[in-house]
$ cat run16.txt   # compact mmCIF, C-alpha atoms and all ligand atoms
# COMPACT_ATOMS: atom_id res chain seq x y z
CA MET V 1 -9.84 324.11 27.97
CA ASN V 2 -6.11 323.83 28.53
CA THR V 3 -4.70 320.51 27.26
CA ARG V 4 -1.74 319.14 29.23
CA ARG V 5 0.60 316.92 27.23
CA ILE V 6 2.68 314.76 29.56
CA ARG V 7 5.70 312.94 28.21
CA MET V 8 5.95 309.36 29.52
CA ASP V 9 8.66 306.75 29.28
CA SER V 10 6.89 303.46 28.42
CA HIS V 11 9.44 301.50 30.43
CA LYS V 12 9.59 303.81 33.44
CA ILE V 13 6.06 305.09 33.91
CA ASP V 14 5.69 308.38 35.80
CA ARG V 15 3.35 307.29 38.61
CA THR V 16 2.25 310.83 39.56
CA ALA V 17 1.17 311.64 36.01
CA LEU V 18 -0.47 308.24 35.68
CA ARG V 19 -2.50 308.87 38.85
CA GLN V 20 -3.64 312.25 37.52
CA ALA V 21 -4.71 310.65 34.24
CA ALA V 22 -6.53 307.85 36.09
CA ASP V 23 -8.31 310.41 38.32
CA LEU V 24 -9.53 312.22 35.22
CA ILE V 25 -10.91 308.97 33.75
CA ARG V 26 -12.61 308.10 37.05
CA SER V 27 -14.21 311.54 37.22
CA GLY V 28 -15.73 311.14 33.74
CA GLU V 29 -13.15 313.16 31.76
CA LEU V 30 -11.19 312.29 28.60
CA VAL V 31 -7.52 311.29 28.38
CA ALA V 32 -5.65 310.50 25.16
CA PHE V 33 -3.14 307.69 25.58
CA PRO V 34 -0.79 305.58 23.45
CA THR V 35 -1.60 302.03 22.40
CA GLU V 36 0.58 299.77 20.24
CA THR V 37 -1.62 300.48 17.18
CA VAL V 38 -2.57 304.19 17.30
CA TYR V 39 -3.30 306.74 20.04
CA GLY V 40 -6.70 306.32 21.70
CA LEU V 41 -9.10 308.86 23.24
CA GLY V 42 -10.23 307.27 26.49
CA ALA V 43 -13.19 307.64 28.83
CA ASP V 44 -14.88 305.43 31.46
CA ALA V 45 -16.72 302.89 29.26
CA MET V 46 -19.44 302.30 31.84
CA ASN V 47 -20.26 306.01 32.27
CA PRO V 48 -22.66 307.15 29.53
CA GLU V 49 -21.86 310.85 29.96
CA ALA V 50 -18.13 310.24 29.77
CA ALA V 51 -18.52 308.09 26.63
CA GLY V 52 -20.74 310.84 25.19
CA LYS V 53 -17.89 313.34 25.57
CA ILE V 54 -15.76 311.26 23.19
CA TYR V 55 -18.23 311.73 20.35
CA LYS V 56 -18.33 315.47 20.98
CA ALA V 57 -14.53 315.93 21.10
CA LYS V 58 -13.99 313.91 17.89
CA GLY V 59 -17.07 315.14 16.05
CA ARG V 60 -17.94 311.45 15.67
CA PRO V 61 -21.38 310.22 14.55
CA SER V 62 -23.19 308.83 17.60
CA ASP V 63 -24.03 305.52 15.88
CA ASN V 64 -20.35 304.60 15.51
CA PRO V 65 -19.55 302.39 18.54
CA LEU V 66 -16.39 302.55 20.65
CA ILE V 67 -13.89 299.83 21.54
CA VAL V 68 -13.75 298.90 25.25
CA HIS V 69 -10.14 298.48 26.42
CA ILE V 70 -9.46 296.10 29.30
CA ALA V 71 -6.31 295.27 31.26
CA CYS V 72 -7.12 291.73 32.42
CA TYR V 73 -9.02 288.86 30.91
CA GLU V 74 -11.54 288.63 33.79
CA ASP V 75 -12.80 292.13 32.88
CA LEU V 76 -14.61 290.46 29.95
CA LEU V 77 -17.11 289.16 32.50
CA LEU V 78 -18.10 292.75 33.32
CA ILE V 79 -19.40 293.38 29.81
CA THR V 80 -20.77 290.04 28.63
CA ASP V 81 -22.75 287.18 30.14
CA GLN V 82 -21.11 284.53 28.01
CA VAL V 83 -17.55 284.58 26.77
CA PRO V 84 -17.46 282.51 23.55
CA LEU V 85 -14.87 279.73 23.50
CA GLN V 86 -13.30 281.34 20.43
CA ALA V 87 -12.78 284.56 22.40
CA ARG V 88 -10.88 282.63 25.04
CA VAL V 89 -8.63 281.03 22.45
CA LEU V 90 -7.96 284.32 20.65
CA ALA V 91 -7.33 286.17 23.92
CA ASP V 92 -4.82 283.50 24.95
CA THR V 93 -3.06 283.76 21.62
CA PHE V 94 -3.12 287.47 20.80
CA TRP V 95 -3.80 289.54 23.95
CA PRO V 96 -2.44 291.88 24.99
CA GLY V 97 -2.24 292.89 21.34
CA PRO V 98 -3.81 294.45 18.23
CA LEU V 99 -6.98 292.34 18.08
CA THR V 100 -10.50 293.60 18.82
CA MET V 101 -13.31 291.08 19.30
CA ILE V 102 -17.02 291.73 18.86
CA ILE V 103 -19.14 289.79 21.38
CA HIS V 104 -22.68 290.05 22.81
CA LYS V 105 -22.91 292.66 25.54
CA ASN V 106 -24.73 292.54 28.86
CA GLY V 107 -26.98 295.21 30.39
CA SER V 108 -24.16 297.08 32.15
CA VAL V 109 -22.59 298.47 29.00
CA PRO V 110 -24.27 301.80 28.18
CA ARG V 111 -25.72 302.34 24.71
CA GLU V 112 -23.49 305.43 24.32
CA THR V 113 -20.48 303.09 24.31
CA THR V 114 -21.89 300.65 21.77
CA GLY V 115 -23.68 303.14 19.54
CA GLY V 116 -26.96 301.46 20.41
CA LEU V 117 -25.84 297.95 19.31
CA ASP V 118 -26.37 294.85 21.45
CA THR V 119 -22.81 293.75 20.79
CA VAL V 120 -19.61 295.24 22.17
CA ALA V 121 -16.07 295.58 20.81
CA VAL V 122 -13.30 294.72 23.27
CA ARG V 123 -9.54 294.54 23.24
CA MET V 124 -6.59 294.32 25.63
CA PRO V 125 -3.98 296.70 24.24
CA GLY V 126 -0.32 295.69 24.15
CA HIS V 127 1.17 298.97 25.40
CA PRO V 128 2.49 299.39 28.95
CA VAL V 129 1.08 302.92 29.35
CA ALA V 130 -2.39 301.86 28.15
CA LEU V 131 -2.43 298.84 30.46
CA ALA V 132 -1.18 300.90 33.42
CA LEU V 133 -3.82 303.59 32.83
CA ILE V 134 -6.66 301.05 32.69
CA ALA V 135 -5.43 299.26 35.82
CA GLN V 136 -4.79 302.48 37.79
CA SER V 137 -8.20 303.94 36.92
CA GLY V 138 -10.04 300.77 37.90
CA CYS V 139 -12.29 301.45 34.90
CA LEU V 140 -12.79 299.81 31.55
CA ILE V 141 -11.74 302.45 29.04
CA ALA V 142 -13.78 303.14 25.90
CA ALA V 143 -11.44 304.51 23.26
CA PRO V 144 -11.67 305.23 19.58
CA SER V 145 -8.61 306.54 17.75
CA ALA V 146 -7.72 310.02 19.12
CA ASN V 147 -8.19 311.96 15.87
CA THR V 148 -10.87 314.34 14.72
CA SER V 149 -13.43 312.24 12.85
CA GLY V 150 -12.41 312.05 9.18
CA LYS V 151 -8.65 312.54 9.80
CA PRO V 152 -6.06 309.74 9.76
CA SER V 153 -5.59 307.98 13.11
CA PRO V 154 -2.81 309.55 15.22
CA THR V 155 0.46 307.64 15.42
CA ARG V 156 2.20 310.33 17.53
CA ALA V 157 1.05 312.58 20.38
CA GLU V 158 1.70 315.59 18.10
CA HIS V 159 -1.10 314.34 15.82
CA VAL V 160 -3.46 314.14 18.80
CA SER V 161 -2.50 317.71 19.79
CA ALA V 162 -3.09 318.95 16.26
CA ASP V 163 -6.64 317.58 16.32
CA LEU V 164 -7.73 317.82 19.96
CA ASP V 165 -5.79 320.56 21.77
CA GLY V 166 -8.26 322.70 23.70
CA LYS V 167 -10.91 319.97 23.62
CA ILE V 168 -9.51 317.45 26.14
CA PRO V 169 -7.68 317.92 29.45
CA MET V 170 -4.75 315.52 29.00
CA ILE V 171 -2.60 313.64 26.49
CA LEU V 172 -0.13 310.98 27.64
CA ASP V 173 2.77 311.15 25.18
CA ALA V 174 4.91 308.04 24.93
CA GLY V 175 6.35 308.86 21.51
CA PRO V 176 5.52 307.19 18.19
CA VAL V 177 3.44 303.99 18.26
CA GLY V 178 4.80 300.62 17.14
CA ILE V 179 2.23 299.38 14.59
CA GLY V 180 0.62 302.48 13.11
CA ILE V 181 -2.67 301.10 11.80
CA GLU V 182 -5.71 300.22 13.88
CA SER V 183 -6.36 296.77 15.37
CA THR V 184 -7.85 293.88 13.42
CA ILE V 185 -11.55 293.53 14.30
CA ILE V 186 -13.07 290.05 14.41
CA ASP V 187 -16.79 289.49 14.92
CA LEU V 188 -17.53 286.42 17.04
CA THR V 189 -21.32 286.84 17.06
CA ASP V 190 -21.88 285.10 13.69
CA ASP V 191 -21.63 281.36 12.97
CA ILE V 192 -18.32 281.90 11.22
CA PRO V 193 -15.85 284.35 12.79
CA THR V 194 -15.65 287.34 10.48
CA ILE V 195 -12.98 290.01 10.00
CA LEU V 196 -14.66 293.42 9.98
CA ARG V 197 -11.42 295.42 9.69
CA PRO V 198 -8.04 294.05 8.54
CA GLY V 199 -4.98 294.83 10.67
CA TYR V 200 -1.69 293.50 11.99
CA ILE V 201 -3.28 290.17 13.00
CA THR V 202 -4.05 288.48 9.68
CA ARG V 203 -6.71 286.02 8.59
CA ASP V 204 -4.07 283.25 8.45
CA MET V 205 -3.02 283.94 12.02
CA LEU V 206 -6.65 283.87 13.19
CA GLU V 207 -7.44 280.67 11.27
CA SER V 208 -4.47 278.85 12.69
CA ALA V 209 -5.29 279.97 16.25
CA LEU V 210 -8.93 278.89 15.87
CA CYS V 211 -8.16 275.79 13.79
CA GLY V 212 -11.06 276.76 11.54
CA GLU V 213 -12.41 279.05 8.88
CA VAL V 214 -12.42 282.83 9.27
CA ARG V 215 -14.33 284.97 6.75
CA VAL V 216 -13.73 288.52 5.63
CA ASP V 217 -16.81 290.76 5.79
CA PRO V 218 -17.98 291.00 2.14
CA GLY V 219 -18.83 294.63 2.86
CA ILE V 220 -15.15 295.55 3.03
CA VAL V 221 -14.23 293.76 -0.16
CA VAL V 222 -14.53 296.75 -2.36
CA SER V 223 -14.11 296.76 -6.11
CA GLU V 224 -11.63 299.07 -7.80
CA HIS V 225 -14.45 301.45 -8.57
CA GLY V 226 -15.33 301.83 -4.94
CA GLU V 227 -18.50 299.81 -5.21
CA THR V 228 -19.16 297.15 -2.65
CA VAL V 229 -19.55 293.67 -4.10
CA GLY V 230 -21.15 290.45 -3.05
CA GLU V 231 -23.90 289.70 -0.59
CA GLY V 232 -24.38 291.83 2.49
CA ALA V 233 -22.33 294.52 0.83
CA ARG V 234 -22.74 297.02 3.67
CA PRO V 235 -19.73 296.79 6.01
CA LYS V 236 -20.83 295.43 9.37
CA ALA V 237 -18.58 297.71 11.44
CA PRO V 238 -20.32 301.10 11.31
CA GLY V 239 -16.97 302.89 11.22
CA MET V 240 -16.01 301.09 7.99
CA ARG V 241 -19.06 302.60 6.25
CA TYR V 242 -18.11 306.22 6.71
CA ARG V 243 -16.26 308.19 4.12
CA HIS V 244 -12.69 308.07 5.26
CA TYR V 245 -9.81 310.42 5.31
CA ALA V 246 -8.97 312.00 1.99
CA PRO V 247 -5.91 314.24 1.73
CA LYS V 248 -6.52 317.81 0.51
CA ALA V 249 -4.64 317.02 -2.71
CA GLU V 250 -6.25 314.39 -4.95
CA LEU V 251 -4.56 311.03 -4.24
CA THR V 252 -4.28 308.39 -6.99
CA LEU V 253 -2.73 304.94 -6.53
CA VAL V 254 -0.77 303.32 -9.33
CA GLU V 255 -0.39 299.54 -9.30
CA GLY V 256 1.69 297.16 -11.44
CA GLU V 257 5.33 296.09 -11.83
CA THR V 258 7.63 298.53 -10.07
CA ASP V 259 9.41 299.78 -13.20
CA CYS V 260 6.12 300.35 -15.02
CA VAL V 261 4.69 302.14 -11.99
CA VAL V 262 7.68 304.52 -11.84
CA ASP V 263 7.37 305.28 -15.58
CA GLU V 264 3.63 305.81 -15.37
CA ILE V 265 3.85 308.09 -12.32
CA ASN V 266 6.59 310.15 -13.99
CA ARG V 267 4.39 310.47 -17.09
CA LEU V 268 1.43 311.60 -14.96
CA VAL V 269 3.65 314.07 -13.07
CA SER V 270 4.86 315.66 -16.35
CA GLU V 271 1.27 316.01 -17.48
CA ILE V 272 0.30 317.72 -14.23
CA LYS V 273 3.34 320.00 -14.38
CA SER V 274 2.48 321.04 -17.93
CA GLU V 275 -0.85 322.24 -16.51
CA GLY V 276 1.10 324.42 -14.08
CA LYS V 277 0.18 322.26 -11.07
CA LYS V 278 2.34 320.64 -8.41
CA ALA V 279 2.63 316.91 -7.79
CA GLY V 280 3.75 314.80 -4.83
CA VAL V 281 4.76 311.13 -4.88
CA ILE V 282 4.68 308.45 -2.17
CA ALA V 283 7.62 306.23 -3.09
CA THR V 284 9.85 303.65 -1.42
CA ASP V 285 13.54 303.85 -0.51
CA GLU V 286 14.27 301.85 -3.68
CA THR V 287 12.36 304.14 -6.08
CA LYS V 288 12.59 307.57 -4.43
CA SER V 289 15.43 308.87 -6.60
CA ALA V 290 13.67 307.82 -9.84
CA TYR V 291 10.86 310.38 -9.53
CA ARG V 292 10.80 313.93 -10.86
CA ALA V 293 7.99 315.44 -8.77
CA ASP V 294 7.83 318.57 -6.56
CA HIS V 295 7.71 316.46 -3.37
CA VAL V 296 8.83 312.85 -3.18
CA THR V 297 8.47 311.05 0.16
CA SER V 298 9.66 307.54 0.87
CA ILE V 299 7.40 305.41 3.04
CA GLY V 300 10.32 303.05 3.77
CA ALA V 301 12.04 300.03 2.25
CA ARG V 302 9.60 297.95 0.16
CA ALA V 303 10.47 294.79 2.07
CA ASP V 304 9.90 296.41 5.48
CA GLU V 305 6.12 296.22 5.66
CA GLU V 306 6.02 297.09 9.34
CA ALA V 307 7.78 300.39 8.60
CA ILE V 308 5.29 301.07 5.79
CA ALA V 309 2.33 300.54 8.14
CA ARG V 310 3.98 302.66 10.81
CA ARG V 311 4.58 305.64 8.48
CA LEU V 312 1.41 305.61 6.39
CA TYR V 313 -0.80 307.95 8.44
CA GLN V 314 2.05 310.30 9.24
CA ILE V 315 2.82 310.70 5.53
CA LEU V 316 -0.82 311.37 4.71
CA ARG V 317 -0.91 314.05 7.42
CA GLU V 318 2.37 315.57 6.15
CA PHE V 319 1.06 315.93 2.62
CA ASP V 320 -1.74 318.17 3.88
CA ARG V 321 0.90 320.68 4.95
CA LEU V 322 2.67 320.61 1.57
CA ASP V 323 1.79 322.72 -1.42
CA VAL V 324 0.78 320.04 -3.95
CA ASP V 325 -2.35 319.65 -6.07
CA VAL V 326 -2.15 315.93 -6.70
CA ILE V 327 -0.41 312.96 -5.07
CA TYR V 328 0.52 309.69 -6.77
CA SER V 329 1.35 306.67 -4.64
CA GLU V 330 2.82 303.28 -5.32
CA CYS V 331 0.81 300.32 -3.97
CA PHE V 332 2.11 298.30 -1.04
CA ASP V 333 0.62 294.82 -1.42
CA THR V 334 3.15 293.39 0.98
CA PRO V 335 2.85 289.70 1.94
CA ARG V 336 1.52 289.95 5.50
CA MET V 337 0.08 293.38 6.24
CA GLY V 338 -0.54 294.40 2.62
CA GLY V 339 -4.30 293.81 2.95
CA ALA V 340 -4.55 296.15 5.93
CA ILE V 341 -2.22 298.79 4.48
CA MET V 342 -4.02 298.85 1.12
CA ASN V 343 -7.44 298.90 2.83
CA ARG V 344 -6.50 302.25 4.45
CA LEU V 345 -4.66 303.65 1.44
CA LYS V 346 -7.46 302.84 -1.04
CA LYS V 347 -9.96 304.59 1.18
CA ALA V 348 -7.73 307.66 1.41
CA ALA V 349 -7.55 307.62 -2.41
CA GLY V 350 -11.32 307.40 -2.73
CA TYR V 351 -10.62 304.13 -4.65
CA ARG V 352 -8.84 305.99 -7.49
CA ILE V 353 -6.45 303.29 -8.76
CA LEU V 354 -4.65 303.13 -12.10
CA HIS V 355 -2.91 300.08 -13.54
CA ALA V 356 0.50 300.72 -15.11
CA GLU V 357 0.95 298.46 -18.18
CA ALA V 358 4.33 297.31 -19.41
CA LYS V 359 5.34 299.12 -22.62
CA ASN V 360 7.42 297.21 -25.12
O1 LIG I 401 -6.35 299.92 17.24
C1 LIG I 401 -7.47 300.29 17.57
O2 LIG I 401 -8.48 299.53 17.49
C2 LIG I 401 -7.62 301.74 18.08
C3 LIG I 401 -6.93 301.82 19.44
C4 LIG I 401 -7.14 303.18 20.09
O3 LIG I 401 -7.35 300.79 20.27
N1 LIG I 401 -9.01 302.09 18.17
C5 LIG I 401 -9.78 302.32 17.08
O4 LIG I 401 -11.05 302.72 17.39
O5 LIG I 401 -9.38 302.18 15.96
P1 LIG I 401 -12.06 303.37 16.32
O6 LIG I 401 -13.20 303.85 17.12
O7 LIG I 401 -11.34 304.37 15.53
O8 LIG I 401 -12.53 302.17 15.47
C6 LIG I 401 -13.42 301.23 16.05
C7 LIG I 401 -14.13 300.47 14.96
C8 LIG I 401 -15.14 301.31 14.23
O9 LIG I 401 -15.08 300.99 12.84
C9 LIG I 401 -16.45 300.81 14.82
O10 LIG I 401 -17.54 300.98 13.96
C10 LIG I 401 -16.14 299.35 15.09
O11 LIG I 401 -14.82 299.39 15.58
N2 LIG I 401 -17.00 298.76 16.15
C11 LIG I 401 -17.03 299.08 17.46
N3 LIG I 401 -17.97 298.35 18.11
C12 LIG I 401 -18.54 297.55 17.19
C13 LIG I 401 -19.59 296.56 17.22
N4 LIG I 401 -20.22 296.28 18.35
N5 LIG I 401 -19.90 295.94 16.06
C14 LIG I 401 -19.25 296.23 14.91
N6 LIG I 401 -18.26 297.15 14.81
C15 LIG I 401 -17.91 297.81 15.93
MG MG I 402 -10.85 305.68 14.14
$ encode --input "run16.txt" --output "structure tokens"
Amino acid sequence: MNTRRIRMDSHKIDRTALRQAADLIRSGELVAFPTETVYGLGADAMNPEAAGKIYKAKGRPSDNPLIVHIACYEDLLLITDQVPLQARVLADTFWPGPLTMIIHKNGSVPRETTGGLDTVAVRMPGHPVALALIAQSGCLIAAPSANTSGKPSPTRAEHVSADLDGKIPMILDAGPVGIGIESTIIDLTDDIPTILRPGYITRDMLESALCGEVRVDPGIVVSEHGETVGEGARPKAPGMRYRHYAPKAELTLVEGETDCVVDEINRLVSEIKSEGKKAGVIATDETKSAYRADHVTSIGARADEEAIARRLYQILREFDRLDVDVIYSECFDTPRMGGAIMNRLKKAAGYRILHAEAKN
């Protein structure tokens, strides 16, 4: 299959291209499109065959449900018989935006879309091209991230091409995304609203919008050794249970005071070099020049957590093209999005984390 990549200006949408993309969605085909978080791979959410094609193109396990993307609040009534009050409040506060809600589904949502569950994930994306595509197609659009299963989510159309060229008919390319990590997922089907995946919208933001307690799924609170802890230790979102992206080179995270981290990483790099191997480092603008590795990449200024989130997946993809055997990364426990950033980075590292101690 020939994949057409069409460049789109988010602020001046090409109506002809948009119509072609919408026609494809309506006829049960796949279109990759930008959202504010990551690129999505879209299909008509109410068409089981179309949703089925998503799993095939991504190589995604069929029990991992999709997120239904809507363009107006009323569309919620097409997929559920009762909109919880909390969903109304959160939609008012955060939509369009990077928040996915899990609610009970009605009979119209095919099992292909929800991976056989009786709940459905839904979000209204905050990207003009995504909203225009949903509206123009007249469909609700089921869309996971537009990567091959097991790769980092795509933050640029080039990443989608690298994974899916030849497998889908069209990619709408509106340049790099704004946020760079996937939406926060909140489950509203339990007594207490529960975060199933951390993201740009934090627990604090959700608690203040709801004026009440929000839990974090114990299944995603993972110990340093990669073991789940606490009750109900299996993550509730099926996608959070799968083995995640691991770069080809072995990635190890080093945590601690910045100076100690730099010293420890340099020590590890010398060790690796003495074995005749090559090392890469994920640093920050502040520390980049302090490392003596074969490849040193800065993720951005330490204080700019939005830039860190935006560059994370791109850097992980870049390292796969470089000739290194091991990668060491600093930790980015930034105040607001640190939880979400470290959730993705720890998974990529297979939970290999070292603590750098101060030497005196
Ligand atoms: O930012 C995003 O959410 C992006 C953009 C494209 O919107 N989408 C995305 O989709 O990240 P995906 O498929 O890569 O991740 C969806 C996650 C998976 O972990 C899946 O298991 C979970 O949502 N999920 C979907 N429906 C669910 C449900 N009914 N109950 C629990 N988890 C669900
Ligand atoms: Mg994904």
$ residues_around --input "run16.txt" --residues "V:Ile192" --least-positions-apart "5" --cutoff "9 Å" --atoms "only C-alpha atoms" --output "list of chain:residue names"
V:Asp187, V:Gly212, V:Glu213, V:Val214, V:Arg215
$ residues_around --input "run16.txt" --residues "V:Pro154" --least-positions-apart "6" --cutoff "10 Å" --atoms "all atoms listed in the file" --output "number ranges by chain"
V: 34, 37-40, 145-148, 160-163, 176-177, 180-182, 313-314, 317
$ axis_aligned_box --input "run16.txt" --around "ligand LIG 401 (chain I)" --padding-each-side "3 Å" --output "lines of an AutoDock Vina configuration file"
center_x = -13.3
center_y = 300.2
center_z = 16.6
size_x = 19.9
size_y = 14.4
size_z = 13.4
$ residues_near_ligand --input "run16.txt" --ligand "ligand LIG 401 (chain I)" --cutoff "8 Å" --atoms "all atoms listed in the file" --output "MDAnalysis selection string"
chainID V and resid 34:41 64:67 69 98:100 102:103 114:115 117:123 125 143:146 153 181:185 187 196:197 236:241
$ closest_residue --input "run16.txt" --among "V:Arg26, V:Lys248, V:Arg267, V:Arg344" --to "ligand MG 402 (chain I)" --atoms "only C-alpha atoms and all ligand atoms"
V:Arg344
$ atom_distance --input "run16.txt" --atom1 "atom CA of V:Ala142" --atom2 "atom CA of V:Arg19"
18.1 Å
$ atom_distance --input "run16.txt" --atom1 "atom CA of V:Tyr55" --atom2 "atom CA of V:Thr3"
17.5 Å
$ atom_distance --input "run16.txt" --atom1 "atom CA of V:Asp75" --atom2 "atom CA of V:Ala91"
12.1 Å
$ closest_residue --input "run16.txt" --among "V:Ile79, V:Cys72, V:Ile220, V:Leu30" --to "V:Trp95" --atoms "all atoms listed in the file"
V:Cys72
$ residues_around --input "run16.txt" --residues "V:Arg311" --least-positions-apart "3" --cutoff "9 Å" --atoms "all atoms listed in the file" --output "ChimeraX atom specification"
/V:155,180,299-300,306-308,314-316
$ closest_residue --input "run16.txt" --among "V:Thr80, V:Thr297, V:Ser137, V:Ser149" --to "ligand MG 402 (chain I)" --atoms "only C-alpha atoms and all ligand atoms"
V:Ser149
$ residues_around --input "run16.txt" --residues "V:Ala356" --least-positions-apart "6" --cutoff "12 Å" --atoms "all atoms listed in the file" --output "NGL selection string"
:V and (253-268 or 330-331)
$ closest_residue --input "run16.txt" --among "V:Leu188, V:Ala279, V:Val68, V:Cys211" --to "V:Ala51" --atoms "all atoms listed in the file"
V:Val68
$ closest_residue --input "run16.txt" --among "V:Gly350, V:Gly150, V:Gly138, V:Gly97" --to "V:Gly126" --atoms "only C-alpha atoms"
V:Gly97
